[in-house]
$ cat my_file-v5.txt   # compact mmCIF, C-alpha atoms
# COMPACT_ATOMS: atom_id res chain seq x y z
CA MET E 1 -18.77 43.93 -6.58
CA ASP E 2 -20.99 41.04 -7.60
CA LEU E 3 -21.54 39.06 -4.39
CA ASP E 4 -23.06 36.05 -6.15
CA HIS E 5 -20.00 35.78 -8.34
CA ALA E 6 -17.74 36.14 -5.31
CA GLN E 7 -19.64 33.26 -3.71
CA THR E 8 -19.23 31.05 -6.79
CA VAL E 9 -15.50 31.79 -7.02
CA SER E 10 -15.18 31.22 -3.24
CA LEU E 11 -16.50 27.69 -3.50
CA MET E 12 -14.27 26.83 -6.47
CA LEU E 13 -11.18 28.38 -4.89
CA GLY E 14 -11.86 26.82 -1.51
CA GLN E 15 -12.39 23.34 -2.96
CA GLU E 16 -9.26 23.59 -5.05
CA PHE E 17 -7.24 24.79 -2.06
CA LEU E 18 -8.40 21.96 0.21
CA THR E 19 -7.77 19.39 -2.53
CA TRP E 20 -4.28 20.80 -3.03
CA LEU E 21 -3.71 20.94 0.74
CA TRP E 22 -4.44 17.22 1.02
CA PHE E 23 -2.01 16.54 -1.81
CA ALA E 24 0.64 18.85 -0.32
CA SER E 25 0.26 17.33 3.14
CA GLU E 26 1.01 13.88 1.74
CA THR E 27 3.67 14.63 -0.82
CA SER E 28 5.82 17.34 0.71
CA SER E 29 5.25 16.28 4.34
CA GLY E 30 2.89 19.23 4.63
CA LEU E 31 5.71 21.51 5.69
CA PHE E 32 5.12 25.24 5.43
CA ARG E 33 6.91 28.34 6.59
CA THR E 34 5.31 31.62 7.67
CA LYS E 35 6.61 35.01 6.50
CA ASP E 36 8.61 35.21 9.73
CA GLY E 37 10.28 31.90 8.99
CA GLU E 38 8.26 29.84 11.49
CA ALA E 39 7.99 26.21 10.31
CA PHE E 40 4.82 24.18 10.87
CA SER E 41 3.23 21.09 9.41
CA VAL E 42 -0.28 20.34 8.17
CA THR E 43 -1.65 16.79 8.12
CA VAL E 44 -5.03 15.73 6.79
CA GLU E 45 -6.58 13.30 9.23
CA GLN E 46 -9.71 11.54 10.33
CA LYS E 47 -12.19 13.27 8.08
CA VAL E 48 -12.47 14.30 4.43
CA SER E 49 -15.65 15.11 2.55
CA VAL E 50 -15.61 15.28 -1.26
CA GLN E 51 -18.30 16.70 -3.49
CA GLY E 52 -19.06 16.68 -7.20
CA GLY E 53 -21.86 17.41 -9.65
CA GLU E 54 -24.35 20.23 -9.59
CA GLY E 55 -27.95 20.82 -8.52
CA GLU E 56 -29.89 17.61 -7.94
CA ALA E 57 -27.01 15.53 -9.26
CA LYS E 58 -24.72 16.82 -6.49
CA GLU E 59 -23.00 13.96 -4.69
CA THR E 60 -21.08 14.02 -1.42
CA ALA E 61 -18.89 11.28 0.02
CA VAL E 62 -17.72 11.59 3.60
CA CYS E 63 -14.90 9.45 4.96
CA SER E 64 -14.06 9.45 8.61
CA GLY E 65 -12.34 7.29 11.19
CA PRO E 66 -9.50 7.74 13.66
CA MET E 67 -6.93 5.91 11.53
CA ALA E 68 -8.79 5.96 8.21
CA GLU E 69 -6.84 5.93 4.97
CA LEU E 70 -9.65 7.91 3.38
CA ARG E 71 -9.55 5.65 0.31
CA GLU E 72 -13.16 6.33 -0.73
CA ALA E 73 -12.58 10.08 -0.65
CA ARG E 74 -9.47 9.65 -2.77
CA MET E 75 -11.49 7.61 -5.26
CA GLY E 76 -14.01 10.44 -5.29
CA LEU E 77 -11.23 12.83 -6.31
CA ALA E 78 -10.23 10.48 -9.12
CA THR E 79 -13.76 10.67 -10.52
CA GLY E 80 -13.79 14.46 -10.53
CA LYS E 81 -15.07 15.34 -7.06
CA LYS E 82 -13.33 17.98 -5.01
CA VAL E 83 -12.69 18.32 -1.30
CA ASN E 84 -15.33 20.44 0.40
CA LYS E 85 -14.47 19.75 4.04
CA VAL E 86 -11.28 18.50 5.58
CA LYS E 87 -10.03 17.95 9.10
CA VAL E 88 -6.44 19.00 9.52
CA ARG E 89 -3.91 18.75 12.27
CA ILE E 90 -1.44 21.61 12.45
CA GLU E 91 1.76 21.06 14.41
CA LYS E 92 4.40 23.48 15.49
CA ASP E 93 7.09 22.01 17.74
CA GLU E 94 5.19 20.44 20.65
CA ALA E 95 1.94 22.34 20.06
CA ALA E 96 -0.95 20.95 18.00
CA TRP E 97 -4.22 22.34 16.67
CA GLN E 98 -7.12 20.46 15.10
CA VAL E 99 -9.68 22.07 12.85
CA LEU E 100 -12.29 21.23 10.24
CA LEU E 101 -11.99 23.59 7.26
CA ASP E 102 -14.98 24.37 5.06
CA ALA E 103 -14.28 25.10 1.38
CA ALA E 104 -17.14 27.49 0.62
CA THR E 105 -16.87 29.77 3.64
CA PHE E 106 -13.45 29.12 5.20
CA THR E 107 -15.09 28.97 8.60
CA LEU E 108 -13.06 27.04 11.17
CA GLN E 109 -15.22 24.34 12.73
CA GLY E 110 -14.43 22.38 15.89
CA LEU E 111 -11.17 24.23 16.44
CA LYS E 112 -9.10 22.69 19.22
CA THR E 113 -6.11 24.72 20.32
CA PRO E 114 -3.30 23.45 22.54
CA LYS E 115 -4.59 23.32 26.14
CA VAL E 116 -4.79 26.54 28.11
CA ASP E 117 -4.49 26.21 31.87
CA THR E 118 -7.78 27.63 33.14
CA LYS E 119 -6.77 27.74 36.81
CA LEU E 120 -5.69 31.16 37.91
CA GLU E 121 -2.52 31.36 39.94
CA GLU E 122 -2.53 33.78 42.85
CA GLY E 123 -1.82 37.31 41.71
CA GLU E 124 -2.14 36.39 38.03
CA ASP E 125 -3.89 38.82 35.70
CA PRO E 126 -7.32 37.31 34.90
CA ASP E 127 -6.93 38.52 31.31
CA ALA E 128 -3.80 36.38 30.87
CA ARG E 129 -5.63 33.16 30.02
CA ILE E 130 -8.04 35.01 27.69
CA LEU E 131 -5.07 36.54 25.87
CA GLU E 132 -3.36 33.15 25.68
CA LYS E 133 -6.48 31.55 24.15
CA ILE E 134 -6.76 34.44 21.65
CA TYR E 135 -3.07 34.06 20.80
CA LEU E 136 -3.44 30.33 20.16
CA THR E 137 -6.57 30.81 18.05
CA GLU E 138 -4.90 33.53 15.98
CA LYS E 139 -1.86 31.27 15.48
CA CYS E 140 -4.08 28.65 13.89
CA MET E 141 -5.66 31.22 11.57
CA ALA E 142 -2.22 32.54 10.62
CA TYR E 143 -1.05 29.01 9.73
CA VAL E 144 -4.13 28.35 7.60
CA ASP E 145 -3.61 31.73 5.89
CA THR E 146 0.05 30.88 5.22
CA ALA E 147 -0.92 27.62 3.52
CA TYR E 148 -3.60 29.46 1.52
CA ALA E 149 -1.14 32.18 0.47
CA ARG E 150 1.27 29.46 -0.72
CA PHE E 151 -1.56 27.88 -2.74
CA LEU E 152 -2.54 31.24 -4.28
CA ASP E 153 1.09 31.95 -5.24
CA LEU E 154 1.21 28.67 -7.11
CA ARG E 155 -2.32 28.83 -8.47
CA PHE E 156 -1.82 32.15 -10.24
CA SER E 157 1.67 31.38 -11.54
CA PRO E 158 2.99 29.45 -14.55
CA GLN E 159 4.08 26.67 -12.12
CA TRP E 160 0.47 25.67 -11.58
CA LYS E 161 0.53 23.52 -14.72
CA GLU E 162 3.40 21.49 -13.35
CA GLU E 163 1.74 21.26 -9.93
CA THR E 164 -1.48 20.00 -11.57
CA THR E 165 0.49 17.23 -13.31
CA ARG E 166 2.02 16.20 -9.97
CA LEU E 167 -1.38 16.27 -8.31
CA ARG E 168 -2.86 14.05 -11.05
CA ARG E 169 -0.01 11.60 -10.61
CA TRP E 170 -0.67 11.51 -6.85
CA LEU E 171 -4.33 10.75 -7.55
CA GLU E 172 -3.52 7.92 -9.92
CA GLY E 173 -0.92 6.44 -7.57
CA MET P 1 -14.15 29.80 26.24
CA SER P 2 -14.91 26.20 25.40
CA ALA P 3 -12.38 23.55 24.40
CA SER P 4 -13.63 23.22 20.82
CA VAL P 5 -14.99 26.18 18.91
CA GLY P 6 -16.40 27.13 15.50
CA LEU P 7 -15.20 30.45 14.10
CA THR P 8 -16.25 32.88 11.37
CA ARG P 9 -13.82 35.64 10.45
CA TYR P 10 -14.42 39.11 9.07
CA ARG P 11 -12.46 42.11 7.91
CA ILE P 12 -13.67 45.63 8.71
CA VAL P 13 -14.28 47.33 5.37
CA GLU P 14 -13.81 50.96 6.48
CA GLU P 15 -10.17 51.95 6.18
CA ASP P 16 -10.25 55.16 8.20
CA ILE P 17 -12.02 54.39 11.45
CA PRO P 18 -12.48 57.68 13.40
CA SER P 19 -10.12 57.62 16.40
CA THR P 20 -12.95 58.85 18.65
CA LEU P 21 -14.64 55.47 18.23
CA TRP P 22 -12.09 53.75 20.50
CA HIS P 23 -13.21 55.86 23.48
CA GLU P 24 -16.86 55.04 22.84
CA ILE P 25 -16.58 51.22 22.61
CA GLU P 26 -17.91 50.46 26.08
CA ASP P 27 -20.74 53.02 25.81
CA ARG P 28 -21.79 51.69 22.44
CA LEU P 29 -21.77 48.10 23.74
CA LYS P 30 -23.86 49.15 26.73
CA ARG P 31 -26.35 50.95 24.49
CA ASN P 32 -26.88 47.69 22.64
CA ALA P 33 -26.49 45.42 25.65
CA PHE P 34 -28.50 42.29 26.25
CA ARG P 35 -31.87 42.82 27.93
CA ASP P 36 -33.26 40.03 30.08
CA ILE P 37 -36.66 38.58 29.09
CA ASP P 38 -37.07 35.99 31.87
CA GLY P 39 -40.01 37.93 33.31
CA SER P 40 -41.89 38.54 30.04
CA ALA P 41 -43.31 36.46 27.18
CA GLU P 42 -41.05 37.86 24.44
CA GLU P 43 -39.87 35.29 21.93
CA ARG P 44 -36.25 36.38 21.79
CA SER P 45 -33.75 38.98 22.91
CA PHE P 46 -30.15 39.58 21.90
CA GLY P 47 -27.35 41.99 22.69
CA TRP P 48 -23.86 42.33 24.12
CA VAL P 49 -22.61 41.11 27.48
CA SER P 50 -19.10 41.07 28.84
CA PHE P 51 -16.67 38.37 27.67
CA ASP P 52 -17.07 35.08 29.50
CA ASN P 53 -19.86 36.40 31.73
CA MET P 54 -23.39 36.23 30.37
CA LEU P 55 -24.79 37.93 33.47
CA ASP P 56 -22.85 41.17 33.00
CA PRO P 57 -24.50 43.44 30.40
CA ASP P 58 -23.00 46.50 32.14
CA PHE P 59 -19.39 45.45 31.52
CA ALA P 60 -18.75 46.04 35.23
CA LEU P 61 -16.79 42.84 35.85
CA CYS P 62 -14.85 42.54 32.64
CA PRO P 63 -14.14 45.59 30.44
CA PRO P 64 -13.82 44.78 26.71
CA GLU P 65 -10.23 46.01 26.32
CA LYS P 66 -7.70 43.16 26.38
CA GLY P 67 -4.32 44.41 25.12
CA PRO P 68 -4.68 45.12 21.39
CA TYR P 69 -7.96 43.21 21.33
CA LEU P 70 -11.54 43.98 22.17
CA ALA P 71 -13.39 41.00 23.61
CA PHE P 72 -17.11 40.81 24.29
CA THR P 73 -19.92 38.32 23.88
CA LEU P 74 -23.16 38.19 21.93
CA ARG P 75 -25.96 36.70 24.03
CA LEU P 76 -29.13 35.45 22.38
CA ASP P 77 -32.05 34.15 24.45
CA THR P 78 -34.83 32.31 22.67
CA ARG P 79 -38.13 30.90 23.90
CA ARG P 80 -39.01 27.67 22.13
CA ILE P 81 -42.31 25.91 22.74
CA PRO P 82 -41.90 22.20 21.96
CA PRO P 83 -44.19 21.39 18.95
CA ALA P 84 -45.91 18.52 20.80
CA VAL P 85 -46.77 20.84 23.72
CA MET P 86 -48.16 23.45 21.30
CA LYS P 87 -50.21 20.78 19.49
CA LYS P 88 -51.81 19.50 22.70
CA HIS P 89 -52.71 22.90 24.13
CA LEU P 90 -54.08 24.05 20.79
CA LEU P 91 -56.31 20.98 20.68
CA VAL P 92 -57.60 21.69 24.20
CA ALA P 93 -58.32 25.34 23.33
CA MET P 94 -60.03 24.41 20.05
CA ASN P 95 -62.27 21.87 21.79
CA GLU P 96 -63.27 24.47 24.36
CA ALA P 97 -64.06 26.98 21.62
CA MET P 98 -66.16 24.40 19.72
CA GLN P 99 -68.07 23.63 22.89
CA ALA P 100 -68.75 27.33 23.50
CA MET P 101 -69.92 27.73 19.90
CA ARG P 102 -72.31 24.80 20.15
CA GLU P 103 -73.78 26.23 23.34
CA GLN P 104 -74.45 29.45 21.41
CA GLY P 105 -76.16 27.43 18.67
CA LYS P 106 -73.38 28.03 16.14
CA LYS P 107 -71.88 25.23 14.07
CA PHE P 108 -68.26 26.09 13.49
CA VAL P 109 -65.29 28.24 14.52
CA THR P 110 -64.24 30.74 11.82
CA LYS P 111 -60.76 30.91 10.30
CA GLU P 112 -60.14 34.23 12.06
CA GLN P 113 -61.20 32.80 15.41
CA LYS P 114 -58.86 29.83 14.91
CA ALA P 115 -55.93 32.16 14.20
CA GLU P 116 -56.75 34.17 17.31
CA ILE P 117 -56.96 31.03 19.47
CA ARG P 118 -53.55 29.91 18.14
CA ASP P 119 -52.00 33.31 18.99
CA GLN P 120 -53.47 33.24 22.49
CA VAL P 121 -52.25 29.69 23.15
CA GLU P 122 -48.78 30.59 21.90
CA LEU P 123 -48.60 33.68 24.09
CA ARG P 124 -49.82 31.75 27.14
CA LEU P 125 -47.27 28.98 26.63
CA ARG P 126 -44.46 31.42 25.91
CA ALA P 127 -45.09 33.16 29.22
CA ARG P 128 -44.62 29.79 30.93
CA THR P 129 -41.49 28.78 28.98
CA LEU P 130 -38.05 29.88 30.12
CA PRO P 131 -35.82 31.44 27.43
CA ILE P 132 -32.78 29.36 26.49
CA PRO P 133 -29.58 31.44 26.68
CA ALA P 134 -26.76 31.07 24.14
CA CYS P 135 -23.45 32.94 24.09
CA PHE P 136 -21.01 33.61 21.26
CA ASP P 137 -17.64 35.19 22.01
CA VAL P 138 -16.38 38.00 19.78
CA ILE P 139 -12.73 39.00 19.38
CA TRP P 140 -11.76 42.18 17.55
CA ASP P 141 -8.09 42.54 16.62
CA THR P 142 -7.77 46.34 16.52
CA ASP P 143 -4.28 46.24 14.95
CA ARG P 144 -5.41 44.37 11.84
CA GLN P 145 -9.14 45.17 12.05
CA ILE P 146 -10.09 41.49 11.93
CA VAL P 147 -13.17 40.37 13.86
CA SER P 148 -14.05 36.76 14.76
CA ILE P 149 -17.21 35.33 16.25
CA ALA P 150 -17.42 31.88 17.80
CA SER P 151 -20.16 30.51 15.54
CA THR P 152 -20.49 29.11 12.04
CA GLN P 153 -24.32 29.08 11.83
CA SER P 154 -25.37 31.49 9.10
CA LYS P 155 -28.55 32.68 10.90
CA LEU P 156 -26.51 33.66 13.94
CA THR P 157 -23.66 35.24 11.97
CA GLU P 158 -26.17 37.35 9.99
CA LEU P 159 -27.68 38.58 13.25
CA PHE P 160 -24.17 39.36 14.53
CA GLU P 161 -23.19 41.27 11.36
CA GLU P 162 -26.29 43.48 11.66
CA LEU P 163 -25.85 44.15 15.37
CA PHE P 164 -22.14 44.92 14.93
CA THR P 165 -22.86 47.44 12.17
CA HIS P 166 -25.71 48.96 14.19
CA THR P 167 -23.48 49.27 17.28
CA PHE P 168 -20.25 50.59 15.78
CA GLY P 169 -21.28 51.96 12.37
CA LEU P 170 -18.72 49.67 10.69
CA THR P 171 -19.22 47.08 7.95
CA LEU P 172 -17.99 43.49 8.17
CA GLU P 173 -16.83 41.51 5.15
CA PRO P 174 -16.69 37.74 5.73
CA LEU P 175 -13.24 36.32 4.96
CA THR P 176 -14.45 33.69 2.51
CA PRO P 177 -11.90 32.21 0.05
CA TYR P 178 -12.62 34.98 -2.48
CA PHE P 179 -12.22 37.93 -0.10
CA LEU P 180 -9.28 36.39 1.72
CA ALA P 181 -7.58 35.81 -1.64
CA LEU P 182 -8.20 39.45 -2.53
CA GLN P 183 -6.45 40.43 0.71
CA LEU P 184 -3.51 38.14 0.08
CA ILE P 185 -2.81 38.73 -3.60
CA GLY P 186 -3.86 42.38 -3.68
CA LYS P 187 -6.74 44.30 -5.27
CA ASP P 188 -4.75 45.04 -8.43
CA ARG P 189 -5.02 41.37 -9.33
CA GLN P 190 -8.78 41.15 -8.78
CA ALA P 191 -9.40 40.43 -12.49
CA GLU P 192 -7.48 37.14 -12.18
CA LEU P 193 -9.77 36.10 -9.35
CA ASP P 194 -12.94 37.18 -11.13
CA GLU P 195 -12.00 35.14 -14.18
CA PHE P 196 -11.10 32.08 -12.11
CA GLU P 197 -11.65 28.79 -13.93
CA PRO P 198 -11.48 25.59 -11.87
CA THR P 199 -8.69 23.10 -12.62
CA VAL P 200 -9.68 19.61 -13.71
CA PHE P 201 -7.67 17.18 -11.57
CA ALA P 202 -9.28 13.89 -12.58
CA GLN P 203 -8.55 12.55 -16.04
CA GLY P 204 -12.09 11.55 -16.91
CA GLY P 205 -13.83 13.72 -14.31
CA ALA P 206 -16.18 16.68 -14.30

$ encode --input "my_file-v5.txt" --output "structure tokens"
Amino acid sequence: MDLDHAQTVSLMLGQEFLTWLWFASETSSGLFRTKDGEAFSVTVEQKVSVQGGEGEAKETAVCSGPMAELREARMGLATGKKVNKVKVRIEKDEAAWQVLLDAATFTLQGLKTPKVDTKLEEGEDPDARILEKIYLTEKCMAYVDTAYARFLDLRFSPQWKEETTRLRRWLEG
Amino acid sequence: MSASVGLTRYRIVEEDIPSTLWHEIEDRLKRNAFRDIDGSAEERSFGWVSFDNMLDPDFALCPPEKGPYLAFTLRLDTRRIPPAVMKKHLLVAMNEAMQAMREQGKKFVTKEQKAEIRDQVELRLRARTLPIPACFDVIWDTDRQIVSIASTQSKLTELFEELFTHTFGLTLEPLTPYFLALQLIGKDRQAELDEFEPTVFAQGGA
């Protein structure tokens, strides 16, 4: 397998996914469902970074702010840039996760899971809180993977053309 | 376990992991455990310690098995001499060397002597600098053979990948968009991925 090629495709795929995720989070309320039927929502918030061009002409625009409308980043998309980092909030019932996704590597940066009570109750297994933290971290990964699987289904299907038209309309609006 | 964490995920490439490996986990971790360098002048040291306890390289307080997971921590200690400190002490040593040369009737310090002085100064300062410890938690899901490390810095993750392979004889494949897609859509559709052409979303854009 050509690792350089895999890296190039990774960046393109990742950028397209994050761009689509932003669009999906705004147009279809960001609602997703896991294979087991668990519903969760994804919202883009606080921070989006868009990138375009190549080599020395590469340009990045970062928009951030607690209640930002991310207008500049959206304008960046309209001029051909793509999302390379995005901060998302994932919600499932009362629980919420926050994470910054990176397009090229899919590393999860600054992941905040719902709070785990770190105080041990008497007689409680000390591993319990470790297992709870692992469980909550894995949940977040599973949700991101579900959204990515949904994107891949669309991306490699004839419906992608239609989805692209809708995405363009969202950009223009 | 901090409140906010950066994570890099991997898949274990080997499909048939020998079942004997599961009984050797703790021994293998101990064989590649962290070794303290507080009392020496070594620049860095790295190895495994038990999860959530950087002072336990023997896994006495916290065994790695946690239900279907294996949890342990990569500890990396590094001695860093602040550049300004190095600059000052090098200047002092150079001046002393020049003085000694002049007393011997010589005019200058050779390139080789300068390099030697620099090495000596560095070693002397390193011996007086305390190593800075850093810990990165590792979680291994043994049902799905997915491994995560709590870091997104490429230098650290490269070090981790090498040490993991050295310890367990298994190869890690980072779950980047390409490899994760391969997992999700299946290897039989790899050609579609390899021929991927980006979509143009903006009307007049690149």

$ closest_residue --input "my_file-v5.txt" --among "P:Asn32, P:Gln190, P:Thr157, P:Thr176" --to "chain E" --atoms "all atoms listed in the file"
P:Thr176

$ closest_residue --input "my_file-v5.txt" --among "P:Asp52, P:Glu112, P:Glu103, P:Glu162" --to "chain E" --atoms "all atoms listed in the file"
P:Asp52

$ closest_residue --input "my_file-v5.txt" --among "E:Leu108, E:Leu136, E:Ala95, E:Val144" --to "chain P" --atoms "only C-alpha atoms"
E:Leu108

$ residues_around --input "my_file-v5.txt" --residues "stretch 146-150 of chain P" --least-positions-apart "4" --cutoff "7 Å" --atoms "only C-alpha atoms" --output "PDB file with C-alpha atoms, in the frame of the given file"
ATOM      1  CA  VAL P   5     -14.990  26.180  18.910  1.00  0.00           C
ATOM      2  CA  GLY P   6     -16.400  27.130  15.500  1.00  0.00           C
ATOM      3  CA  LEU P   7     -15.200  30.450  14.100  1.00  0.00           C
ATOM      4  CA  THR P   8     -16.250  32.880  11.370  1.00  0.00           C
ATOM      5  CA  ARG P   9     -13.820  35.640  10.450  1.00  0.00           C
ATOM      6  CA  TYR P  10     -14.420  39.110   9.070  1.00  0.00           C
ATOM      7  CA  ARG P  11     -12.460  42.110   7.910  1.00  0.00           C
ATOM      8  CA  ILE P  12     -13.670  45.630   8.710  1.00  0.00           C
ATOM      9  CA  PHE P 136     -21.010  33.610  21.260  1.00  0.00           C
ATOM     10  CA  ASP P 137     -17.640  35.190  22.010  1.00  0.00           C
ATOM     11  CA  VAL P 138     -16.380  38.000  19.780  1.00  0.00           C
ATOM     12  CA  ILE P 139     -12.730  39.000  19.380  1.00  0.00           C
ATOM     13  CA  TRP P 140     -11.760  42.180  17.550  1.00  0.00           C
ATOM     14  CA  ASP P 141      -8.090  42.540  16.620  1.00  0.00           C
TER      15      ASP P 141
END

$ interface_residues --input "my_file-v5.txt" --of "chain P" --to "chain E" --cutoff "7 Å" --atoms "all atoms listed in the file" --output "MDAnalysis selection string"
chainID P and resid 3:8 66 152 176:178 184 196 198 201:202 204:206

$ axis_aligned_box --input "my_file-v5.txt" --around "stretch 5-11 of chain P" --padding-each-side "8 Å" --output "lines of an AutoDock Vina configuration file"
center_x = -14.4
center_y = 34.1
center_z = 13.4
size_x = 19.9
size_y = 31.9
size_z = 27.0

$ atom_distance --input "my_file-v5.txt" --atom1 "atom CA of E:Glu163" --atom2 "atom CA of E:Glu26"
13.8 Å

$ atom_distance --input "my_file-v5.txt" --atom1 "atom CA of P:Phe168" --atom2 "atom CA of P:Arg35"
18.5 Å

$ closest_residue --input "my_file-v5.txt" --among "P:Thr167, P:Asn53, P:Asn95, P:Thr78" --to "P:Pro131" --atoms "all atoms listed in the file"
P:Thr78

$ residues_near_point --input "my_file-v5.txt" --point "(7.9, 23.0, 20.9)" --cutoff "12 Å" --atoms "only C-alpha atoms" --output "JSON, numbers by chain"
{"E": [38, 39, 40, 91, 92, 93, 94, 95, 96, 114]}

$ atom_distance --input "my_file-v5.txt" --atom1 "atom CA of P:Gly67" --atom2 "atom CA of P:Glu15"
21.2 Å

$ closest_residue --input "my_file-v5.txt" --among "P:Ala181, P:Leu29, P:Phe51, P:Gln145" --to "P:Asp16" --atoms "only C-alpha atoms"
P:Gln145

$ residues_around --input "my_file-v5.txt" --residues "P:Ser50" --least-positions-apart "3" --cutoff "12 Å" --atoms "only C-alpha atoms" --output "MDAnalysis selection string"
chainID P and resid 26 29:30 32:34 47 53:66 70:75 135:139

$ write_last_selection --input "my_file-v5.txt" --atoms "C-alpha atoms" --output "PDB file, keeping the file's coordinate frame"
ATOM      1  CA  GLU P  26     -17.910  50.460  26.080  1.00  0.00           C
ATOM      2  CA  LEU P  29     -21.770  48.100  23.740  1.00  0.00           C
ATOM      3  CA  LYS P  30     -23.860  49.150  26.730  1.00  0.00           C
ATOM      4  CA  ASN P  32     -26.880  47.690  22.640  1.00  0.00           C
ATOM      5  CA  ALA P  33     -26.490  45.420  25.650  1.00  0.00           C
ATOM      6  CA  PHE P  34     -28.500  42.290  26.250  1.00  0.00           C
ATOM      7  CA  GLY P  47     -27.350  41.990  22.690  1.00  0.00           C
ATOM      8  CA  ASN P  53     -19.860  36.400  31.730  1.00  0.00           C
ATOM      9  CA  MET P  54     -23.390  36.230  30.370  1.00  0.00           C
ATOM     10  CA  LEU P  55     -24.790  37.930  33.470  1.00  0.00           C
ATOM     11  CA  ASP P  56     -22.850  41.170  33.000  1.00  0.00           C
ATOM     12  CA  PRO P  57     -24.500  43.440  30.400  1.00  0.00           C
ATOM     13  CA  ASP P  58     -23.000  46.500  32.140  1.00  0.00           C
ATOM     14  CA  PHE P  59     -19.390  45.450  31.520  1.00  0.00           C
ATOM     15  CA  ALA P  60     -18.750  46.040  35.230  1.00  0.00           C
ATOM     16  CA  LEU P  61     -16.790  42.840  35.850  1.00  0.00           C
ATOM     17  CA  CYS P  62     -14.850  42.540  32.640  1.00  0.00           C
ATOM     18  CA  PRO P  63     -14.140  45.590  30.440  1.00  0.00           C
ATOM     19  CA  PRO P  64     -13.820  44.780  26.710  1.00  0.00           C
ATOM     20  CA  GLU P  65     -10.230  46.010  26.320  1.00  0.00           C
ATOM     21  CA  LYS P  66      -7.700  43.160  26.380  1.00  0.00           C
ATOM     22  CA  LEU P  70     -11.540  43.980  22.170  1.00  0.00           C
ATOM     23  CA  ALA P  71     -13.390  41.000  23.610  1.00  0.00           C
ATOM     24  CA  PHE P  72     -17.110  40.810  24.290  1.00  0.00           C
ATOM     25  CA  THR P  73     -19.920  38.320  23.880  1.00  0.00           C
ATOM     26  CA  LEU P  74     -23.160  38.190  21.930  1.00  0.00           C
ATOM     27  CA  ARG P  75     -25.960  36.700  24.030  1.00  0.00           C
ATOM     28  CA  CYS P 135     -23.450  32.940  24.090  1.00  0.00           C
ATOM     29  CA  PHE P 136     -21.010  33.610  21.260  1.00  0.00           C
ATOM     30  CA  ASP P 137     -17.640  35.190  22.010  1.00  0.00           C
ATOM     31  CA  VAL P 138     -16.380  38.000  19.780  1.00  0.00           C
ATOM     32  CA  ILE P 139     -12.730  39.000  19.380  1.00  0.00           C
TER      33      ILE P 139
END

$ closest_residue --input "my_file-v5.txt" --among "P:Ile81, P:Ala97, P:Leu182, P:Ala41" --to "P:Ala127" --atoms "all atoms listed in the file"
P:Ala41
